[in-house]
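**Student:** Input coords_22.txt, format and content: compact mmCIF, C-alpha atoms and all ligand atoms.
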```txt
# COMPACT_ATOMS: atom_id res chain seq x y z
CA MET A 1 0.00 0.00 0.00
CA ASN A 2 1.33 3.48 -0.80
CA LEU A 3 1.94 6.16 1.80
CA ARG A 4 -1.15 8.14 0.83
CA ASN A 5 -3.47 5.19 1.48
CA THR A 6 -1.65 4.16 4.66
CA CYS A 7 -2.27 7.60 6.14
CA ARG A 8 -5.88 7.67 4.97
CA GLU A 9 -6.46 4.32 6.62
CA ARG A 10 -4.87 5.48 9.88
CA ARG A 11 -7.03 8.58 10.17
CA ASN A 12 -10.18 6.62 9.28
CA GLN A 13 -9.48 4.19 12.14
CA LEU A 14 -9.79 6.93 14.77
CA SER A 15 -12.93 6.64 16.91
CA PRO A 16 -15.55 9.43 16.91
CA GLU A 17 -14.37 10.30 20.45
CA GLN A 18 -10.74 10.59 19.30
CA GLN A 19 -11.82 12.67 16.31
CA PHE A 20 -13.73 15.04 18.57
CA HIS A 21 -10.89 15.33 21.06
CA HIS A 22 -8.26 15.92 18.36
CA ALA A 23 -10.28 18.68 16.72
CA ARG A 24 -10.75 20.44 20.05
CA GLN A 25 -7.07 20.21 20.98
CA ALA A 26 -5.87 21.36 17.57
CA SER A 27 -8.31 24.31 17.60
CA HIS A 28 -6.90 25.42 20.96
CA LEU A 29 -3.35 25.31 19.62
CA LEU A 30 -4.18 27.18 16.42
CA LEU A 31 -6.28 29.88 18.14
CA ARG A 32 -3.49 30.57 20.65
CA SER A 33 -0.81 30.76 17.96
CA ASN A 34 0.87 33.96 16.77
CA TRP A 35 -0.84 33.51 13.41
CA LEU A 36 -4.30 34.39 14.73
CA GLN A 37 -3.81 37.19 17.21
CA ARG A 38 -5.50 39.73 14.93
CA PRO A 39 -8.59 39.27 12.71
CA LYS A 40 -7.52 37.46 9.55
CA ARG A 41 -8.83 36.04 6.30
CA ILE A 42 -8.57 32.29 6.71
CA ALA A 43 -9.32 29.55 4.21
CA VAL A 44 -10.53 26.29 5.72
CA TYR A 45 -12.20 23.22 4.20
CA PHE A 46 -14.98 20.83 5.16
CA SER A 47 -13.40 17.66 6.54
CA GLN A 48 -14.14 14.24 5.05
CA ASP A 49 -12.55 10.79 4.89
CA GLY A 50 -11.29 10.91 8.50
CA GLU A 51 -9.63 14.32 8.09
CA LEU A 52 -9.19 16.39 11.26
CA ASN A 53 -12.58 18.05 11.71
CA THR A 54 -12.94 21.80 11.20
CA ASP A 55 -16.53 22.41 12.44
CA SER A 56 -15.72 23.65 15.94
CA LEU A 57 -12.71 25.59 14.66
CA ILE A 58 -14.92 27.44 12.16
CA ASP A 59 -17.35 28.44 14.93
CA ALA A 60 -14.47 29.66 17.09
CA LEU A 61 -13.01 31.67 14.18
CA TRP A 62 -16.35 33.39 13.60
CA GLN A 63 -16.63 34.21 17.30
CA ARG A 64 -13.23 35.87 17.19
CA ASN A 65 -14.12 38.00 14.15
CA HIS A 66 -11.94 36.20 11.64
CA GLN A 67 -13.24 35.95 8.08
CA VAL A 68 -13.64 32.33 6.99
CA PHE A 69 -13.34 31.19 3.36
CA LEU A 70 -13.90 27.90 1.55
CA PRO A 71 -12.30 26.79 -1.71
CA VAL A 72 -14.46 26.95 -4.83
CA LEU A 73 -13.69 25.38 -8.18
CA LYS A 74 -13.79 28.23 -10.68
CA THR A 75 -14.63 26.43 -13.87
CA LEU A 76 -15.48 22.94 -15.00
CA ARG A 77 -12.06 22.25 -16.46
CA GLY A 78 -9.85 24.71 -14.57
CA ARG A 79 -7.85 22.90 -11.94
CA HIS A 80 -7.21 25.61 -9.47
CA MET A 81 -9.32 27.20 -6.81
CA ALA A 82 -10.71 30.53 -5.69
CA PHE A 83 -12.10 31.27 -2.24
CA ALA A 84 -15.64 32.25 -1.18
CA GLU A 85 -16.50 33.72 2.19
CA TYR A 86 -18.38 31.35 4.48
CA THR A 87 -20.68 32.84 7.14
CA PRO A 88 -23.49 31.35 9.25
CA GLU A 89 -25.89 32.71 6.59
CA SER A 90 -24.12 31.16 3.59
CA VAL A 91 -26.13 29.13 1.11
CA LEU A 92 -24.11 26.03 0.18
CA ALA A 93 -24.29 23.77 -2.87
CA PRO A 94 -22.20 20.75 -3.91
CA ASN A 95 -19.51 21.10 -6.60
CA ARG A 96 -18.71 18.38 -9.14
CA PHE A 97 -16.95 16.33 -6.43
CA GLY A 98 -19.95 16.62 -4.09
CA ILE A 99 -18.07 19.04 -1.81
CA LEU A 100 -20.16 21.96 -0.51
CA GLU A 101 -19.28 25.48 -1.66
CA PRO A 102 -20.82 28.86 -0.70
CA GLN A 103 -23.05 30.10 -3.51
CA ILE A 104 -21.82 33.62 -4.16
CA GLN A 105 -21.16 35.50 -7.38
CA ASN A 106 -17.73 35.13 -8.98
CA GLN A 107 -17.02 38.83 -8.51
CA TYR A 108 -16.88 38.27 -4.73
CA HIS A 109 -14.38 35.40 -4.92
CA LEU A 110 -10.89 35.96 -3.58
CA THR A 111 -7.70 34.62 -5.11
CA GLY A 112 -5.14 32.73 -3.04
CA GLN A 113 -3.01 35.89 -2.83
CA GLN A 114 -5.75 37.75 -0.94
CA LEU A 115 -5.81 35.36 2.03
CA ASP A 116 -3.77 35.64 5.24
CA LEU A 117 -3.73 31.98 6.20
CA VAL A 118 -4.74 28.72 4.53
CA LEU A 119 -5.47 25.52 6.39
CA MET A 120 -4.25 22.81 4.05
CA PRO A 121 -5.87 19.37 3.94
CA LEU A 122 -3.41 16.51 3.49
CA THR A 123 -3.03 12.77 3.70
CA CYS A 124 0.60 12.66 5.01
CA PHE A 125 3.17 15.18 6.20
CA ASP A 126 6.77 15.04 7.37
CA LEU A 127 8.82 17.29 9.65
CA GLN A 128 10.40 19.10 6.70
CA GLY A 129 6.98 20.51 5.78
CA HIS A 130 6.46 18.21 2.81
CA ARG A 131 2.83 17.38 2.15
CA THR A 132 0.94 14.71 0.23
CA GLY A 133 -2.64 15.56 -0.74
CA MET A 134 -5.39 13.41 -2.23
CA GLY A 135 -3.62 13.34 -5.58
CA GLY A 136 -5.45 16.10 -7.46
CA GLY A 137 -2.69 18.68 -7.03
CA PHE A 138 -5.29 21.44 -6.49
CA TYR A 139 -3.48 23.15 -3.61
CA ASP A 140 -0.10 22.87 -5.36
CA ARG A 141 -1.53 24.55 -8.45
CA THR A 142 -3.44 27.24 -6.57
CA PHE A 143 -0.43 28.29 -4.47
CA GLN A 144 2.24 27.91 -7.14
CA PHE A 145 2.81 31.70 -6.84
CA LYS A 146 4.45 31.11 -3.43
CA ARG A 147 7.48 29.85 -5.33
CA TRP A 148 8.38 33.36 -6.52
CA GLN A 149 7.50 35.24 -3.36
CA THR A 150 10.04 37.24 -1.42
CA HIS A 151 10.19 36.94 2.35
CA ARG A 152 8.80 40.43 2.82
CA HIS A 153 5.62 39.54 0.97
CA ASN A 154 4.88 36.21 2.54
CA ARG A 155 1.12 35.77 2.26
CA PRO A 156 -0.79 33.60 2.78
CA LYS A 157 0.76 31.35 5.42
CA LEU A 158 0.18 27.73 4.42
CA ILE A 159 -0.60 25.68 7.50
CA GLY A 160 -1.35 21.96 7.55
CA TRP A 161 -4.30 20.69 9.61
CA ALA A 162 -3.98 17.00 10.43
CA HIS A 163 -3.92 14.24 13.02
CA GLU A 164 -0.53 13.36 14.51
CA CYS A 165 -0.97 9.82 13.07
CA GLN A 166 -0.59 11.31 9.56
CA LYS A 167 3.08 12.09 10.25
CA VAL A 168 5.56 9.98 8.27
CA GLU A 169 9.35 9.67 8.24
CA HIS A 170 9.97 11.27 4.86
CA ILE A 171 8.02 12.41 1.82
CA GLN A 172 9.97 12.77 -1.42
CA PRO A 173 8.65 16.07 -2.81
CA GLU A 174 7.78 16.45 -6.49
CA PRO A 175 9.04 19.55 -8.33
CA TRP A 176 5.57 21.14 -8.28
CA ASP A 177 4.83 20.47 -4.59
CA ILE A 178 4.35 23.59 -2.44
CA PRO A 179 5.67 23.03 1.09
CA LEU A 180 3.86 23.82 4.33
CA GLU A 181 5.12 26.64 6.55
CA GLY A 182 3.51 25.24 9.67
CA LEU A 183 1.16 22.51 10.80
CA VAL A 184 -1.24 21.91 13.67
CA THR A 185 -2.19 18.55 15.15
CA GLU A 186 -3.89 17.61 18.41
CA LYS A 187 -0.42 17.37 19.99
CA ASN A 188 1.82 19.95 18.34
CA LEU A 189 2.10 23.24 16.56
CA TYR A 190 4.97 22.81 14.12
CA THR A 191 6.75 25.56 12.22
CA PHE A 192 8.93 24.52 9.32
N1 LIG B 1 1.80 23.57 -10.67
C1 LIG B 1 1.46 22.51 -11.40
N2 LIG B 1 1.52 22.55 -12.74
C2 LIG B 1 1.17 21.50 -13.46
N3 LIG B 1 0.74 20.33 -12.97
C3 LIG B 1 0.66 20.21 -11.65
C4 LIG B 1 1.01 21.30 -10.79
N4 LIG B 1 0.81 20.89 -9.53
C5 LIG B 1 0.36 19.62 -9.59
N5 LIG B 1 0.28 19.21 -10.85
C6 LIG B 1 -0.17 17.88 -11.32
O1 LIG B 1 -1.16 17.41 -10.43
C7 LIG B 1 -0.95 16.03 -10.21
C8 LIG B 1 -1.18 15.71 -8.75
O2 LIG B 1 -0.22 16.35 -7.96
P1 LIG B 1 0.28 15.69 -6.60
O3 LIG B 1 1.28 16.62 -5.99
O4 LIG B 1 0.67 14.28 -6.83
O5 LIG B 1 -1.10 15.68 -5.77
P2 LIG B 1 -1.40 16.08 -4.27
O6 LIG B 1 -0.52 17.22 -3.91
O7 LIG B 1 -2.85 16.39 -4.29
O8 LIG B 1 -1.08 14.84 -3.49
C9 LIG B 1 0.46 15.68 -10.64
O9 LIG B 1 0.39 14.60 -11.52
C10 LIG B 1 0.98 16.91 -11.32
O10 LIG B 1 1.35 16.62 -12.63
MG MG B 2 1.46 17.61 -4.22
```
Mind turning the file's structure into structure tokens?
Ligand SMILES: Nc1ncnc2c1ncn2[C@@H]1O[C@H](COP(=O)(O)OP(=O)(O)O)[C@@H](O)[C@H]1O
Ligand SMILES: [Mg+2]
**Tutor:**
Amino acid sequence: MNLRNTCRERRNQLSPEQQFHHARQASHLLLRSNWLQRPKRIAVYFSQDGELNTDSLIDALWQRNHQVFLPVLKTLRGRHMAFAEYTPESVLAPNRFGILEPQIQNQYHLTGQQLDLVLMPLTCFDLQGHRTGMGGGFYDRTFQFKRWQTHRHNRPKLIGWAHECQKVEHIQPEPWDIPLEGLVTEKNLYTF
């Protein structure tokens, strides 16, 4: 079995109680971090397939006056994402993968460059900040611009959101992979 499927299997074996506990612990760590001490524009995602849950985090972000965004697929064939604000009033509808997106007009979508922080879904990570996704390369494509960024203009911060059991010894990065700058689990807040 490849690394991607090994990690997916591990996170799917967590009990509902573990899932709940991990999400609460990780939210605490992220909310206390330096990244979120002022109101920010934050992209999150709806968790599936055993991914570390984001529901309680999203509520806490709203309470603290952060703006929350969800990825939206711009076009049928385009393979990168834009971001739509998500509020308690948002109307949601499934995209072509069945993932819910806020229904707002294109003109209100943000690009990746306009966000402060992005919580990145992943299947596996290592302690060098390498990340393996689900295999679509959507986040790599969307944040390709980070490759040419100078340190002074370092936005958005790309932060992994995962269970500790998704950590692996080493991921061999591909040339197009965009590394993580930090990562939050139920146990640790890593900076890479
Ligand atoms: N910036 C990019 N330009 C062109 N193709 C890309 C780019 N990023 C990813 N891809 C393509 O997307 C596919 C999936 O990328 P991969 O990194 O394996 O997925 P993931 O990061 O979701 O695990 C790869 O086959 C790669 O060719
Ligand atoms: Mg990749």
**Student:** Quick check, in Å to one decimal: how far apart do atom CA of Pro16 of chain A and atom CA of Gly160 of chain A lie?
**Tutor:**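 Computing it gives 21.1 Å between the two atoms.
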**Student:** Between A:Trp161, A:Phe143, A:Phe46, A:Phe69, which residue has the minimum interatomic distance to ligand MG 2 (chain B), considering all atoms listed in the file?
**Tutor:** A:Phe143
**Student:** Which protein, DNA or RNA residues have an atom at most 12 Å from (-9.0, 24.1, 21.2), counting all atoms listed in the file? List them as a compact mmCIF listing (two decimals) with C-alpha atoms, in the frame of the given file.
**Tutor:**
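Final output, saved to point_0.txt:
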```txt
# COMPACT_ATOMS: atom_id res chain seq x y z
CA PHE A 20 -13.73 15.04 18.57
CA HIS A 21 -10.89 15.33 21.06
CA HIS A 22 -8.26 15.92 18.36
CA ALA A 23 -10.28 18.68 16.72
CA ARG A 24 -10.75 20.44 20.05
CA GLN A 25 -7.07 20.21 20.98
CA ALA A 26 -5.87 21.36 17.57
CA SER A 27 -8.31 24.31 17.60
CA HIS A 28 -6.90 25.42 20.96
CA LEU A 29 -3.35 25.31 19.62
CA LEU A 30 -4.18 27.18 16.42
CA LEU A 31 -6.28 29.88 18.14
CA ARG A 32 -3.49 30.57 20.65
CA SER A 33 -0.81 30.76 17.96
CA ASN A 53 -12.58 18.05 11.71
CA THR A 54 -12.94 21.80 11.20
CA ASP A 55 -16.53 22.41 12.44
CA SER A 56 -15.72 23.65 15.94
CA LEU A 57 -12.71 25.59 14.66
CA ILE A 58 -14.92 27.44 12.16
CA ASP A 59 -17.35 28.44 14.93
CA ALA A 60 -14.47 29.66 17.09
CA LEU A 61 -13.01 31.67 14.18
CA VAL A 184 -1.24 21.91 13.67
CA THR A 185 -2.19 18.55 15.15
CA GLU A 186 -3.89 17.61 18.41
CA LYS A 187 -0.42 17.37 19.99
CA ASN A 188 1.82 19.95 18.34
```
**Student:** Can I get the residues of chain A within 6 Å of ligand MG 2 (chain B), each with the closest pair of atoms and their distance in Å to one decimal, using all atoms listed in the file, sorted chain first then ascending number, as a tab-separated table?
**Tutor:**
```
residue	atom	partner	partner_atom	distance
A:Thr132	CA	B:MG2	MG	5.3
A:Gly133	CA	B:MG2	MG	5.8
A:Gly137	CA	B:MG2	MG	5.1
A:Asp140	CA	B:MG2	MG	5.6
A:Asp177	CA	B:MG2	MG	4.4
```
**Student:** In terms of the shortest atom-to-atom distance over all atoms listed in the file, which of A:Asn65, A:Thr6, A:Thr111, A:Thr142 is closest to ligand LIG 1 (chain B)?
**Tutor:** A:Thr142
